file work_13.pdb (PDB, C-alpha atoms)
ATOM      1  CA  MET A 295     124.388 214.262   0.935
ATOM      2  CA  GLU A 296     124.426 210.453   0.810
ATOM      3  CA  GLU A 297     123.359 210.276   4.452
ATOM      4  CA  ASN A 298     120.438 212.592   3.867
ATOM      5  CA  ASN A 299     119.269 210.448   0.952
ATOM      6  CA  SER A 300     119.464 207.356   3.174
ATOM      7  CA  ASP A 301     117.346 209.012   5.888
ATOM      8  CA  LYS A 302     114.812 210.055   3.304
ATOM      9  CA  ALA A 303     114.515 206.493   1.964
ATOM     10  CA  LEU A 304     114.014 205.143   5.500
ATOM     11  CA  ARG A 305     111.278 207.660   6.195
ATOM     12  CA  GLU A 306     109.444 206.740   2.966
ATOM     13  CA  LYS A 307     109.571 203.014   3.820
ATOM     14  CA  ALA A 308     108.238 203.673   7.325
ATOM     15  CA  THR A 309     105.393 205.761   5.901
ATOM     16  CA  GLU A 310     104.484 202.949   3.512
ATOM     17  CA  ARG A 311     104.411 200.386   6.374
ATOM     18  CA  ILE A 312     102.133 202.610   8.475
ATOM     19  CA  ALA A 313      99.749 203.196   5.560
ATOM     20  CA  ALA A 314      99.565 199.478   4.901
ATOM     21  CA  ALA A 315      98.796 198.745   8.548
ATOM     22  CA  GLU A 316      95.943 201.287   8.796
ATOM     23  CA  PRO A 317      92.482 200.311   7.438
ATOM     24  CA  GLU A 318      91.354 202.247   4.409
ATOM     25  CA  THR A 319      88.867 204.960   5.206
ATOM     26  CA  PRO A 320      85.564 204.274   3.401
ATOM     27  CA  ARG A 321      84.700 206.702   0.692
ATOM     28  CA  GLY A 322      82.445 209.372   2.010
ATOM     29  CA  ALA A 323      83.272 208.666   5.677
ATOM     30  CA  ALA A 324      84.624 212.160   6.085
ATOM     31  CA  ASP A 325      81.137 213.452   5.378
ATOM     32  CA  GLY A 326      79.582 211.464   8.243
ATOM     33  CA  PRO A 327      77.637 208.202   8.294
ATOM     34  CA  GLU A 328      75.996 207.081   5.055
ATOM     35  CA  LYS A 329      72.424 208.284   4.783
ATOM     36  CA  PRO A 330      69.712 205.754   3.900
ATOM     37  CA  VAL A 331      68.211 206.001   0.450
ATOM     38  CA  PRO A 332      64.746 207.511   0.953
ATOM     39  CA  ASP A 333      63.219 205.989  -2.175
ATOM     40  CA  ALA A 334      63.860 202.365  -1.337
ATOM     41  CA  VAL A 335      63.018 199.885   1.345
ATOM     42  CA  VAL A 336      64.626 196.468   1.794
ATOM     43  CA  ARG A 337      62.108 193.673   2.224
ATOM     44  CA  PRO A 338      63.024 190.744   4.451
ATOM     45  CA  HIS A 339      62.471 188.216   1.641
ATOM     46  CA  GLY A 340      63.771 190.096  -1.339
ATOM     47  CA  PRO A 341      65.769 192.989  -2.748
ATOM     48  CA  ALA A 342      65.087 196.664  -2.323
ATOM     49  CA  THR A 343      61.871 197.847  -3.919
ATOM     50  CA  PRO A 344      60.451 201.332  -4.487
ATOM     51  CA  ARG A 345      58.526 202.926  -1.693
ATOM     52  CA  PHE A 346      55.872 205.540  -2.385
ATOM     53  CA  ARG A 347      53.986 207.856  -0.073
ATOM     54  CA  PHE A 348      50.733 207.587  -2.039
ATOM     55  CA  PRO A 349      48.229 206.226  -1.242
ATOM     56  CA  SER A 350      47.802 206.134   2.518
ATOM     57  CA  VAL A 351      44.477 205.562   4.248
ATOM     58  CA  GLY A 352      44.133 209.316   4.573
ATOM     59  CA  ASP A 353      44.757 209.732   0.852
ATOM     60  CA  LEU A 354      41.943 207.312  -0.002
ATOM     61  CA  LEU A 355      39.550 209.113   2.341
ATOM     62  CA  ALA A 356      40.579 212.431   0.808
ATOM     63  CA  LEU A 357      39.883 211.051  -2.669
ATOM     64  CA  LEU A 358      36.403 210.018  -1.592
ATOM     65  CA  GLY A 359      35.860 213.627  -0.568
ATOM     66  CA  VAL A 360      37.184 214.736  -3.950
ATOM     67  CA  PHE A 361      34.704 212.337  -5.565
ATOM     68  CA  VAL A 362      31.793 214.025  -3.781
ATOM     69  CA  VAL A 363      33.059 217.455  -4.833
ATOM     70  CA  CYS A 364      33.326 216.273  -8.445
ATOM     71  CA  GLN A 365      29.709 215.108  -8.282
ATOM     72  CA  LEU A 366      28.612 218.572  -7.133
ATOM     73  CA  VAL A 367      30.673 220.323  -9.807
ATOM     74  CA  ALA A 368      29.222 218.052 -12.493
ATOM     75  CA  TRP A 369      25.702 218.815 -11.272
ATOM     76  CA  VAL A 370      26.378 222.558 -11.578
ATOM     77  CA  VAL A 371      27.882 222.087 -15.064
ATOM     78  CA  SER A 372      24.800 220.134 -16.133
ATOM     79  CA  LEU A 373      22.536 222.934 -14.960
ATOM     80  CA  LEU A 374      24.642 225.554 -16.743
ATOM     81  CA  CYS A 375      24.388 223.487 -19.936
ATOM     82  CA  GLY A 376      20.604 223.419 -19.580
ATOM     83  CA  VAL A 377      20.460 219.682 -18.788
ATOM     84  CA  ARG A 378      18.209 218.941 -15.824
ATOM     85  CA  MET A 379      16.717 215.922 -14.109
ATOM     86  CA  PRO A 380      12.968 215.887 -14.850
ATOM     87  CA  ASP A 381      10.552 216.223 -11.951
ATOM     88  CA  ALA A 382       7.447 214.064 -12.265
ATOM     89  CA  GLY A 383       6.070 215.069  -8.870
ATOM     90  CA  GLY A 384       6.161 211.498  -7.553
ATOM     91  CA  ALA A 385       4.415 210.012 -10.574
ATOM     92  CA  PRO A 386       6.151 207.492 -12.883
ATOM     93  CA  LEU A 387       8.340 209.138 -15.495
ATOM     94  CA  THR A 388       7.022 209.315 -19.011
ATOM     95  CA  PRO A 389       9.165 207.862 -21.847
ATOM     96  CA  GLU A 390      10.220 211.394 -22.773
ATOM     97  CA  GLN A 391      11.236 212.148 -19.179
ATOM     98  CA  GLN A 392      13.188 208.891 -19.008
ATOM     99  CA  GLN A 393      15.077 209.936 -22.129
ATOM    100  CA  GLN A 394      15.809 213.302 -20.509
ATOM    101  CA  THR A 395      17.051 211.524 -17.389
ATOM    102  CA  GLY A 396      19.404 209.467 -19.539
ATOM    103  CA  VAL A 397      20.887 212.632 -21.051
ATOM    104  CA  PHE A 398      21.304 214.225 -17.612
ATOM    105  CA  VAL A 399      23.009 211.129 -16.208
ATOM    106  CA  ALA A 400      25.345 210.907 -19.227
ATOM    107  CA  VAL A 401      26.498 214.527 -18.931
ATOM    108  CA  ASN A 402      26.758 214.386 -15.152
ATOM    109  CA  TYR A 403      28.676 211.118 -15.148
ATOM    110  CA  ALA A 404      31.104 212.065 -17.928
ATOM    111  CA  VAL A 405      31.991 215.379 -16.258
ATOM    112  CA  SER A 406      32.269 214.010 -12.709
ATOM    113  CA  MET A 407      34.401 210.964 -13.593
ATOM    114  CA  THR A 408      36.686 212.928 -15.913
ATOM    115  CA  LEU A 409      37.276 215.478 -13.152
ATOM    116  CA  MET A 410      37.811 212.660 -10.641
ATOM    117  CA  ILE A 411      40.450 210.946 -12.765
ATOM    118  CA  LEU A 412      42.309 214.198 -13.436
ATOM    119  CA  ALA A 413      42.158 215.178  -9.755
ATOM    120  CA  THR A 414      43.417 211.737  -8.703
ATOM    121  CA  LEU A 415      46.348 211.926 -11.114
ATOM    122  CA  LEU A 416      47.281 215.395  -9.834
ATOM    123  CA  TYR A 417      46.881 214.386  -6.184
ATOM    124  CA  ARG A 418      48.960 211.251  -6.734
ATOM    125  CA  ARG A 419      51.736 213.258  -8.379
ATOM    126  CA  LEU A 420      51.828 215.747  -5.503
ATOM    127  CA  ARG A 421      51.891 212.926  -2.946
ATOM    128  CA  GLY A 422      54.664 210.956  -4.628
ATOM    129  CA  GLY A 423      52.857 207.970  -6.110
ATOM    130  CA  THR A 424      54.032 205.557  -8.763
ATOM    131  CA  ARG A 425      54.179 206.845 -12.322
ATOM    132  CA  ARG A 426      52.391 203.829 -13.790
ATOM    133  CA  ILE A 427      48.743 204.523 -14.583
ATOM    134  CA  ALA A 428      47.571 201.167 -15.923
ATOM    135  CA  ARG A 429      48.674 198.095 -17.864
ATOM    136  CA  PHE A 430      47.299 197.098 -21.266
ATOM    137  CA  SER A 431      48.672 193.663 -22.100
ATOM    138  CA  LEU A 432      47.184 191.700 -24.996
ATOM    139  CA  ARG A 433      46.498 188.899 -22.535
ATOM    140  CA  GLY A 434      43.412 190.919 -21.713
ATOM    141  CA  PHE A 435      41.834 189.445 -24.844
ATOM    142  CA  ASN A 436      42.489 185.833 -23.792
ATOM    143  CA  PRO A 437      39.146 184.036 -24.415
ATOM    144  CA  ALA A 438      39.749 181.482 -21.640
ATOM    145  CA  ILE A 439      40.305 184.185 -19.011
ATOM    146  CA  LEU A 440      37.321 186.180 -20.229
ATOM    147  CA  LEU A 441      35.124 183.092 -20.062
ATOM    148  CA  TRP A 442      36.385 182.344 -16.546
ATOM    149  CA  GLY A 443      35.545 185.906 -15.539
ATOM    150  CA  LEU A 444      32.019 185.633 -16.936
ATOM    151  CA  VAL A 445      31.394 182.347 -15.096
ATOM    152  CA  MET A 446      32.814 183.786 -11.878
ATOM    153  CA  MET A 447      30.638 186.913 -12.090
ATOM    154  CA  LEU A 448      27.529 184.846 -12.773
ATOM    155  CA  ALA A 449      28.252 182.464  -9.885
ATOM    156  CA  ALA A 450      29.001 185.357  -7.533
ATOM    157  CA  SER A 451      25.755 187.153  -8.433
ATOM    158  CA  ILE A 452      23.784 183.989  -7.590
ATOM    159  CA  VAL A 453      25.638 183.437  -4.310
ATOM    160  CA  ILE A 454      25.081 186.977  -2.992
ATOM    161  CA  ASP A 455      21.494 187.150  -4.288
ATOM    162  CA  PRO A 456      19.894 186.234  -0.885
ATOM    163  CA  LEU A 457      21.929 188.956   0.818
ATOM    164  CA  LEU A 458      20.967 191.606  -1.743
ATOM    165  CA  ALA A 459      17.303 190.604  -1.309
ATOM    166  CA  LEU A 460      17.528 191.712   2.351
ATOM    167  CA  LEU A 461      18.894 195.148   1.465
ATOM    168  CA  PRO A 462      16.894 198.136   0.187
ATOM    169  CA  ALA A 463      16.393 198.275  -3.556
ATOM    170  CA  PRO A 464      18.551 200.908  -5.265
ATOM    171  CA  PRO A 465      16.781 203.788  -7.022
ATOM    172  CA  ASP A 466      16.221 203.673 -10.759
ATOM    173  CA  ALA A 467      18.200 206.762 -11.686
ATOM    174  CA  THR A 468      19.927 205.811 -14.938
ATOM    175  CA  GLY A 469      17.115 206.755 -17.288
ATOM    176  CA  ARG A 470      16.446 205.151 -20.657
ATOM    177  CA  GLY A 471      17.491 205.574 -24.237
ATOM    178  CA  LEU A 472      20.751 205.677 -26.142
ATOM    179  CA  TRP A 473      22.556 208.024 -23.760
ATOM    180  CA  ALA A 474      21.708 205.885 -20.745
ATOM    181  CA  LEU A 475      22.982 202.817 -22.592
ATOM    182  CA  VAL A 476      26.233 204.567 -23.561
ATOM    183  CA  THR A 477      26.762 205.707 -19.974
ATOM    184  CA  VAL A 478      26.183 202.324 -18.354
ATOM    185  CA  VAL A 479      27.802 200.033 -20.925
ATOM    186  CA  VAL A 480      30.635 202.212 -22.301
ATOM    187  CA  LEU A 481      31.514 205.201 -20.121
ATOM    188  CA  ALA A 482      31.218 203.485 -16.739
ATOM    189  CA  PRO A 483      33.412 200.462 -17.606
ATOM    190  CA  VAL A 484      36.129 202.586 -19.212
ATOM    191  CA  LEU A 485      36.323 205.397 -16.642
ATOM    192  CA  GLU A 486      35.762 203.305 -13.509
ATOM    193  CA  GLU A 487      38.288 200.682 -14.565
ATOM    194  CA  LEU A 488      40.870 203.346 -15.384
ATOM    195  CA  LEU A 489      40.389 204.902 -11.947
ATOM    196  CA  CYS A 490      39.947 201.856  -9.690
ATOM    197  CA  ARG A 491      41.814 199.012 -11.414
ATOM    198  CA  GLY A 492      44.307 201.297 -13.136
ATOM    199  CA  ILE A 493      45.419 204.298 -11.123
ATOM    200  CA  LEU A 494      44.434 203.218  -7.603
ATOM    201  CA  LEU A 495      45.229 199.506  -7.792
ATOM    202  CA  GLU A 496      48.609 200.193  -9.409
ATOM    203  CA  SER A 497      49.452 202.811  -6.774
ATOM    204  CA  LEU A 498      48.385 200.512  -3.930
ATOM    205  CA  ARG A 499      50.277 197.630  -5.504
ATOM    206  CA  ALA A 500      53.498 199.642  -5.670
ATOM    207  CA  ARG A 501      53.306 200.579  -1.999
ATOM    208  CA  TYR A 502      51.607 197.651  -0.242
ATOM    209  CA  GLY A 503      51.604 194.654  -2.604
ATOM    210  CA  VAL A 504      48.921 192.827  -4.556
ATOM    211  CA  ILE A 505      46.684 191.593  -1.713
ATOM    212  CA  THR A 506      46.185 194.995  -0.089
ATOM    213  CA  ALA A 507      45.845 196.563  -3.537
ATOM    214  CA  LEU A 508      43.118 194.110  -4.498
ATOM    215  CA  TRP A 509      41.018 194.647  -1.357
ATOM    216  CA  ALA A 510      41.541 198.398  -0.950
ATOM    217  CA  SER A 511      40.773 199.231  -4.595
ATOM    218  CA  SER A 512      37.649 197.050  -4.437
ATOM    219  CA  LEU A 513      36.456 198.792  -1.265
ATOM    220  CA  PHE A 514      37.005 202.180  -2.887
ATOM    221  CA  PHE A 515      35.073 200.995  -5.932
ATOM    222  CA  ALA A 516      32.229 199.853  -3.667
ATOM    223  CA  VAL A 517      31.985 203.114  -1.701
ATOM    224  CA  MET A 518      31.857 205.084  -4.957
ATOM    225  CA  HIS A 519      28.438 203.568  -5.702
ATOM    226  CA  LEU A 520      26.879 205.476  -2.763
ATOM    227  CA  HIS A 521      24.152 202.899  -2.037
ATOM    228  CA  VAL A 522      24.496 199.903   0.278
ATOM    229  CA  THR A 523      23.017 197.359  -2.161
ATOM    230  CA  LEU A 524      25.054 198.630  -5.085
ATOM    231  CA  ALA A 525      28.139 198.796  -2.845
ATOM    232  CA  VAL A 526      27.893 195.140  -1.783
ATOM    233  CA  ASN A 527      27.515 194.030  -5.382
ATOM    234  CA  ALA A 528      30.337 196.351  -6.471
ATOM    235  CA  LEU A 529      32.672 194.979  -3.788
ATOM    236  CA  VAL A 530      32.309 191.419  -5.083
ATOM    237  CA  LEU A 531      32.560 192.577  -8.694
ATOM    238  CA  GLY A 532      35.608 194.691  -7.848
ATOM    239  CA  LEU A 533      37.433 191.702  -6.320
ATOM    240  CA  ILE A 534      36.794 189.624  -9.437
ATOM    241  CA  LEU A 535      37.807 192.403 -11.825
ATOM    242  CA  GLY A 536      40.842 193.230  -9.691
ATOM    243  CA  PHE A 537      42.006 189.638  -9.861
ATOM    244  CA  ILE A 538      41.461 189.538 -13.635
ATOM    245  CA  TYR A 539      43.576 192.687 -13.921
ATOM    246  CA  LEU A 540      46.366 191.196 -11.803
ATOM    247  CA  ARG A 541      46.145 187.942 -13.762
ATOM    248  CA  THR A 542      46.340 189.557 -17.204
ATOM    249  CA  ASP A 543      48.172 192.828 -16.481
ATOM    250  CA  SER A 544      45.569 194.451 -18.718
ATOM    251  CA  LEU A 545      42.604 196.780 -18.414
ATOM    252  CA  TYR A 546      41.222 195.381 -21.667
ATOM    253  CA  ALA A 547      39.788 192.323 -19.905
ATOM    254  CA  THR A 548      38.290 194.237 -16.976
ATOM    255  CA  ILE A 549      36.675 196.837 -19.257
ATOM    256  CA  LEU A 550      35.094 194.113 -21.379
ATOM    257  CA  LEU A 551      33.837 192.149 -18.367
ATOM    258  CA  HIS A 552      32.595 195.289 -16.615
ATOM    259  CA  GLY A 553      30.745 196.329 -19.748
ATOM    260  CA  PHE A 554      29.174 192.878 -20.090
ATOM    261  CA  ASN A 555      28.026 192.934 -16.457
ATOM    262  CA  ASN A 556      26.464 196.365 -16.897
ATOM    263  CA  ALA A 557      24.828 195.313 -20.165
ATOM    264  CA  ILE A 558      23.067 192.453 -18.349
ATOM    265  CA  ALA A 559      21.911 194.852 -15.615
ATOM    266  CA  MET A 560      20.655 197.316 -18.236
ATOM    267  CA  THR A 561      18.768 194.551 -20.048
ATOM    268  CA  LEU A 562      17.033 193.508 -16.824
ATOM    269  CA  LEU A 563      16.205 197.154 -16.177
ATOM    270  CA  LEU A 564      14.624 197.613 -19.608
ATOM    271  CA  PHE A 565      12.427 194.567 -19.065
ATOM    272  CA  GLY A 566      11.454 195.646 -15.543
ATOM    273  CA  MET A 567      13.210 192.691 -13.910
ATOM    274  CA  GLU A 568      15.955 194.565 -12.075
ATOM    275  CA  SER A 569      14.350 194.068  -8.655
ATOM    276  CA  LEU A 570      13.576 190.355  -9.097
ATOM    277  CA  THR A 571      15.692 187.868  -7.161
ATOM    278  CA  LEU A 572      16.766 184.494  -8.454
ATOM    279  CA  SER A 573      14.289 182.754  -6.178
ATOM    280  CA  GLU A 574      11.500 184.805  -7.790
ATOM    281  CA  LEU A 575      12.755 183.973 -11.272
ATOM    282  CA  LEU A 576      12.924 180.268 -10.319
ATOM    283  CA  PRO A 577       9.806 179.574  -8.231
ATOM    284  CA  ASN A 578      10.545 175.833  -8.199
ATOM    285  CA  ARG A 579      12.418 175.421  -4.889
ATOM    286  CA  THR A 580      14.200 172.234  -5.934
ATOM    287  CA  LEU A 581      15.486 173.819  -9.122
ATOM    288  CA  TYR A 582      16.518 176.952  -7.244
ATOM    289  CA  ALA A 583      18.401 174.889  -4.634
ATOM    290  CA  CYS A 584      20.259 172.943  -7.316
ATOM    291  CA  VAL A 585      21.248 176.103  -9.165
ATOM    292  CA  TYR A 586      22.353 177.809  -5.956
ATOM    293  CA  VAL A 587      24.451 174.853  -4.736
ATOM    294  CA  LEU A 588      26.126 174.569  -8.138
ATOM    295  CA  ALA A 589      26.878 178.302  -8.176
ATOM    296  CA  LEU A 590      28.192 178.126  -4.611
ATOM    297  CA  ALA A 591      30.550 175.266  -5.510
ATOM    298  CA  VAL A 592      31.838 177.116  -8.588
ATOM    299  CA  PHE A 593      32.251 180.306  -6.576
ATOM    300  CA  ALA A 594      34.127 178.548  -3.743
ATOM    301  CA  LEU A 595      36.483 176.757  -6.121
ATOM    302  CA  ALA A 596      37.137 179.897  -8.149
ATOM    303  CA  ALA A 597      37.710 181.981  -4.997
ATOM    304  CA  TRP A 598      40.214 179.434  -3.701
ATOM    305  CA  ARG A 599      42.079 179.413  -7.012
ATOM    306  CA  MET A 600      41.935 183.199  -7.098
ATOM    307  CA  MET A 601      43.503 183.670  -3.669
ATOM    308  CA  SER A 602      46.143 181.017  -4.406
ATOM    309  CA  ARG A 603      47.106 182.900  -7.536
ATOM    310  CA  VAL A 604      47.228 186.224  -5.685
ATOM    311  CA  ARG A 605      49.540 184.730  -3.039
ATOM    312  CA  LEU A 606      51.789 183.452  -5.824
ATOM    313  CA  LEU A 607      51.883 186.911  -7.360
ATOM    314  CA  ARG A 608      52.812 188.329  -3.973
ATOM    315  CA  GLU A 609      55.742 185.929  -3.643
ATOM    316  CA  GLN A 610      56.885 186.706  -7.164
ATOM    317  CA  GLU A 611      56.863 190.432  -6.464
ATOM    318  CA  LYS A 612      58.836 189.931  -3.245
ATOM    319  CA  ASN A 613      61.613 188.219  -5.187
ATOM    320  CA  ARG A 614      61.520 190.529  -8.181
ATOM    321  CA  PRO A 615      64.445 192.967  -8.467
ATOM    322  CA  ALA A 616      63.553 196.605  -8.135
ATOM    323  CA  ALA A 617      63.121 198.386 -11.431
TER     324      ALA A 617
END

call {"tool": "encode", "arguments": {"input": "work_13.pdb", "output": "structure tokens"}}
result
Amino acid sequence: MEENNSDKALREKATERIAAAEPETPRGAADGPEKPVPDAVVRPHGPATPRFRFPSVGDLLALLGVFVVCQLVAWVVSLLCGVRMPDAGGAPLTPEQQQQTGVFVAVNYAVSMTLMILATLLYRRLRGGTRRIARFSLRGFNPAILLWGLVMMLAASIVIDPLLALLPAPPDATGRGLWALVTVVVLAPVLEELLCRGILLESLRARYGVITALWASSLFFAVMHLHVTLAVNALVLGLILGFIYLRTDSLYATILLHGFNNAIAMTLLLFGMESLTLSELLPNRTLYACVYVLALAVFALAAWRMMSRVRLLREQEKNRPAA
């Protein structure tokens, strides 16, 4: 009996030495090699960050198609509601017809943009986009940033004025009256900023970073305007508003600035000055040259500061831990 106990003790010691000599099997090794986490990607200069499928280039093109469909649906809804665009037979619209046009545009725009935002949210959810819709920081009410945005928009409009003068004039299709004013100054800033600077820029930012998000959302915003002259102006405006959004993390600032820009355009339209260029408003060539050079210098300096800030934001996001 004593001998058997001695053999048993020897066997236990030998088993312990063998176990200590063998490397420990990693947990989960019996199930095969560890699978990569599909929802994360490791950046070369920072920690893992979320990766989303939406939006790809194909997604953005598909959304432009959705935008056209929403325009057609809104047109049908307007007709069913008895709201129609007046037909003057080529003659100038009367004040009453301009009022009617304003009502038609208001109904058409409200329906089409509401459908577009809802369709974009649904499409983004199905395609696996980020859950964030927009940011609404109180920094959006910073007077210094708002003033900078106003100066930048004014300088940019002067700089691109010679280019816009070479392009065809956009049609006057907004109408007149209270409904036209509400559409241009209230509805358009709120709905377009929610779509372009909110949903799309945030989704692009989560997948590609701030620089691609800024340019791609601005291009989408430009194409939405469906006219080459309006698109060029919208591209520049979209870059400025996109930067303001990235700078403040708030749609408040971009909605206010967008509304102010549209209010100026509506004022020029009411006074019949929408097609006048700066050179026509300032017939003195010396004065025009001085104003243009000053605007160009302000625009160049602001653009340089803007891109420097965007690069800084990109570096900060690279080094930010994943949420």

call {"tool": "resolve_selection", "arguments": {"input": "work_13.pdb", "expression": "the PyMOL selection byres ((chain A and resi 435) around 10)", "output": "JSON, numbers by chain"}}
result
{"A": [431, 432, 433, 434, 436, 437, 438, 439, 440, 542, 544, 545, 546, 547, 548, 550]}

call {"tool": "write_last_selection", "arguments": {"input": "work_13.pdb", "atoms": "C-alpha atoms", "output": "compact mmCIF listing (two decimals), keeping the file's coordinate frame"}}
result
# COMPACT_ATOMS: atom_id res chain seq x y z
CA SER A 431 48.67 193.66 -22.10
CA LEU A 432 47.18 191.70 -25.00
CA ARG A 433 46.50 188.90 -22.54
CA GLY A 434 43.41 190.92 -21.71
CA ASN A 436 42.49 185.83 -23.79
CA PRO A 437 39.15 184.04 -24.42
CA ALA A 438 39.75 181.48 -21.64
CA ILE A 439 40.30 184.18 -19.01
CA LEU A 440 37.32 186.18 -20.23
CA THR A 542 46.34 189.56 -17.20
CA SER A 544 45.57 194.45 -18.72
CA LEU A 545 42.60 196.78 -18.41
CA TYR A 546 41.22 195.38 -21.67
CA ALA A 547 39.79 192.32 -19.90
CA THR A 548 38.29 194.24 -16.98
CA LEU A 550 35.09 194.11 -21.38

call {"tool": "resolve_selection", "arguments": {"input": "work_13.pdb", "expression": "the PyMOL selection byres ((chain A and resi 523-537) around 6)", "output": "PyMOL selection string"}}
result
chain A and resi 461+508+512-513+516-517+519+521-522+538-541+548

call {"tool": "atom_distance", "arguments": {"input": "work_13.pdb", "atom1": "CA of Trp473 (chain A)", "atom2": "CA of Ser511 (chain A)"}}
result
27.9 Å

call {"tool": "resolve_selection", "arguments": {"input": "work_13.pdb", "expression": "the PyMOL selection byres ((chain A and resi 366) around 12)", "output": "PyMOL selection string"}}
result
chain A and resi 359-365+367-373+402-403+405-407+409-410

call {"tool": "closest_residue", "arguments": {"input": "work_13.pdb", "among": "A:Leu488, A:Leu595, A:Ala449, A:Val397", "to": "Gly471 (chain A)", "atoms": "all atoms listed in the file"}}
result
A:Val397
